[in-house]
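A.B. asks: Quick one: the structure is below, and I'll ask about it shortly.
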Amino acid sequence: MIIKSMSRKSRSFSQLYHYMKKGSSRNSEYDFFTQNIYARKDRDIVAEFSANAQKVKARKNGNYLFHEIISITKSSKLTLEQEKQRLFDIVQLYAQTRCKYNLVTGYLHDEKSNNVHFHLMISSNEIDSPKNQRLTKYEFDQVKKQTEKYVIDTYPELEQDILISATNEQKKQKQSNKAGEIKRKGGRLEKKEKLTQTLKNIFAQSRTMNELFTHLSTQGIEMYNRGNTIGFITLFDNKKYRLKTLGLEEAFAQIESLSSQSAHNQEDEKPNPSSKQNDDPVPTKNDEVKHRKAEMKSRRSNATNNGKKQNKNDFER
């Protein structure tokens, strides 16, 4: 089972309501749901949501409604009508748990071959309340987990996997089982699985960031950085995958470490002119001055000796 929630910051009640209704087959008593709504005509239902939203004090970036979806995979043991009846019951429980005093309406969609799902429109505030309902992320997670537990315990014939309450190990096991099933059927690994394996190979071949970028380019992959989030884009379909989602944070950290170490080693290997040691040291300015003084002294000495020799020769004559 999957539960999705999307907030809206505009009073788009009419647009969402007619979108939900248009996509529903409306061929059973389980295809339409309402909570805390007295109207039955479409325009009157939308008017109730609009009137209730006007009670909320307007504020910047405030929410006016929520579009939420509850989806269950189709079971091999039940007819479509039986699945609808059970999903309708699940929606009733969810609405009572998540927003007992809010306005709620929705329609069931059954056009998909692998699932049936309910679209819900939920008011951001309770009936006549001037404030929006405050539901923390933790509280919302608890509502979803309670709903999933109810489904697993009450309707095992729906054959729903544990997704919302699954531990990290269970999620990894499910991904592994799914990949194995695809292999056994002779198909290809999913894009995510293929990308993960490709990146593992690239990481194993790279010792610096330059090498990493080169290998990524040859595979048609680009790396992006958004704040503290690192991810990769497959250029042939422009799909983005976060490093954390791929489970490759540790492997990427090793490349960063190797690249940093390589840069440090190259810095150490650079020659230092001030400490250069060889047989012919580079002369300094003081050395040149000393050399010139010595040379001048030598010339004066030679000139003096030559003069003495000349005087001696003149005397002997």
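We name chains A, B, ... following the order of the structure tokens; residues begin at 1 in each chain, and ligands are numbered from 1 as shown.
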I'd like the contact shell of A:Glu81 - 9 Å cut-off, only C-alpha atoms, skipping same-chain residues fewer than 4 positions apart - returned as a list in words.

C.D. replies: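 Non-adjacent residues within range: Ser28, Tyr30, Gln85 and Arg86 of chain A.
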
A.B. asks: Determine, using only C-alpha atoms, which residues of stretch 133-252 of chain A have any atom at most 12 Å from an atom of stretch 5-25 of chain A, and tabulate each with its shortest atom pair and distance in Å to one decimal place, rows ordered by chain and then rising number, as JSON lines.

C.D. replies:
```
{"residue": "A:Lys137", "atom": "CA", "partner": "A:Ser5", "partner_atom": "CA", "distance": 11.3}
{"residue": "A:Phe140", "atom": "CA", "partner": "A:Ser5", "partner_atom": "CA", "distance": 9.8}
{"residue": "A:Asp141", "atom": "CA", "partner": "A:Ser5", "partner_atom": "CA", "distance": 11.2}
{"residue": "A:Lys144", "atom": "CA", "partner": "A:Ser5", "partner_atom": "CA", "distance": 10.7}
```

A.B. asks: Would you output that residue set with C-alpha atoms, as a PDB file, in the first residue's frame?

C.D. replies:
```
ATOM      1  CA  LYS A 137       5.853  14.734  10.028  1.00  0.00           C
ATOM      2  CA  PHE A 140       1.613  11.848   9.768  1.00  0.00           C
ATOM      3  CA  ASP A 141       4.039   8.911   9.631  1.00  0.00           C
ATOM      4  CA  LYS A 144       0.281   5.974   7.681  1.00  0.00           C
TER       5      LYS A 144
END
```

A.B. asks: Can you work out the spacing between atom CA of A:Cys99 and atom CA of A:Asn168 in Å, to one decimal?

C.D. replies: 28.8 Å

A.B. asks: Name the residues in contact with A:Asn52 at a cut-off of 10 Å, using only C-alpha atoms, excluding same-chain residues fewer than 5 positions from it; report them as a list of chain:residue names.

C.D. replies: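 Once the adjacent positions are removed, what remains is A:Ala47, A:Tyr64, A:Asn102, A:Leu103, A:Ser123, A:Ser124, A:Asn125, A:Glu126, A:Ile127, A:Asp128, A:Ser129, A:Pro130.
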
A.B. asks: Would you save the residues of that selection, restricted to N, CA and C atoms, as a PDB file, in the first residue's frame?

C.D. replies:
```pdb
ATOM      1  N   ALA A  47     -18.351  24.532  -3.153  1.00  0.00           N
ATOM      2  CA  ALA A  47     -18.695  25.750  -2.411  1.00  0.00           C
ATOM      3  C   ALA A  47     -18.458  25.571  -0.919  1.00  0.00           C
ATOM      4  N   TYR A  64      -4.090  25.567   1.579  1.00  0.00           N
ATOM      5  CA  TYR A  64      -5.542  25.651   1.544  1.00  0.00           C
ATOM      6  C   TYR A  64      -6.194  24.268   1.425  1.00  0.00           C
ATOM      7  N   ASN A 102     -11.987  17.461   9.501  1.00  0.00           N
ATOM      8  CA  ASN A 102     -11.769  18.213   8.260  1.00  0.00           C
ATOM      9  C   ASN A 102     -12.783  17.802   7.206  1.00  0.00           C
ATOM     10  N   LEU A 103     -12.958  18.658   6.204  1.00  0.00           N
ATOM     11  CA  LEU A 103     -13.775  18.300   5.049  1.00  0.00           C
ATOM     12  C   LEU A 103     -12.957  17.379   4.145  1.00  0.00           C
ATOM     13  N   SER A 123      -9.522  19.447   3.320  1.00  0.00           N
ATOM     14  CA  SER A 123      -9.366  20.849   3.699  1.00  0.00           C
ATOM     15  C   SER A 123      -8.191  20.997   4.649  1.00  0.00           C
ATOM     16  N   SER A 124      -7.514  22.131   4.561  1.00  0.00           N
ATOM     17  CA  SER A 124      -6.345  22.350   5.420  1.00  0.00           C
ATOM     18  C   SER A 124      -6.739  22.659   6.859  1.00  0.00           C
ATOM     19  N   ASN A 125      -7.986  23.105   7.045  1.00  0.00           N
ATOM     20  CA  ASN A 125      -8.466  23.425   8.394  1.00  0.00           C
ATOM     21  C   ASN A 125      -9.663  22.550   8.760  1.00  0.00           C
ATOM     22  N   GLU A 126      -9.883  22.406  10.036  1.00  0.00           N
ATOM     23  CA  GLU A 126     -11.064  21.691  10.494  1.00  0.00           C
ATOM     24  C   GLU A 126     -12.303  22.547  10.246  1.00  0.00           C
ATOM     25  N   ILE A 127     -13.484  22.016  10.436  1.00  0.00           N
ATOM     26  CA  ILE A 127     -14.729  22.724  10.145  1.00  0.00           C
ATOM     27  C   ILE A 127     -14.779  24.051  10.904  1.00  0.00           C
ATOM     28  N   ASP A 128     -14.934  25.159  10.158  1.00  0.00           N
ATOM     29  CA  ASP A 128     -15.084  26.517  10.704  1.00  0.00           C
ATOM     30  C   ASP A 128     -13.883  26.973  11.541  1.00  0.00           C
ATOM     31  N   SER A 129     -12.752  26.300  11.450  1.00  0.00           N
ATOM     32  CA  SER A 129     -11.582  26.687  12.245  1.00  0.00           C
ATOM     33  C   SER A 129     -10.816  27.807  11.549  1.00  0.00           C
ATOM     34  N   PRO A 130     -10.364  28.825  12.302  1.00  0.00           N
ATOM     35  CA  PRO A 130      -9.580  29.910  11.701  1.00  0.00           C
ATOM     36  C   PRO A 130      -8.112  29.549  11.495  1.00  0.00           C
TER      37      PRO A 130
END
```

A.B. asks: Give me, please, the distance in Å between atom CA of A:Lys191 and atom CA of A:Asn115, quoted to one decimal.

C.D. replies: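 Spanning atom CA of A:Lys191 to atom CA of A:Asn115 is a straight-line distance of 21.9 Å.
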
A.B. asks: Given only C-alpha atoms as the basis, pick out the residue of A:Asn27, A:Thr214, A:Ser50, A:Asn36 nearest to A:Val104.

C.D. replies: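 With only C-alpha atoms as the atom set, the closest residue is A:Asn36.
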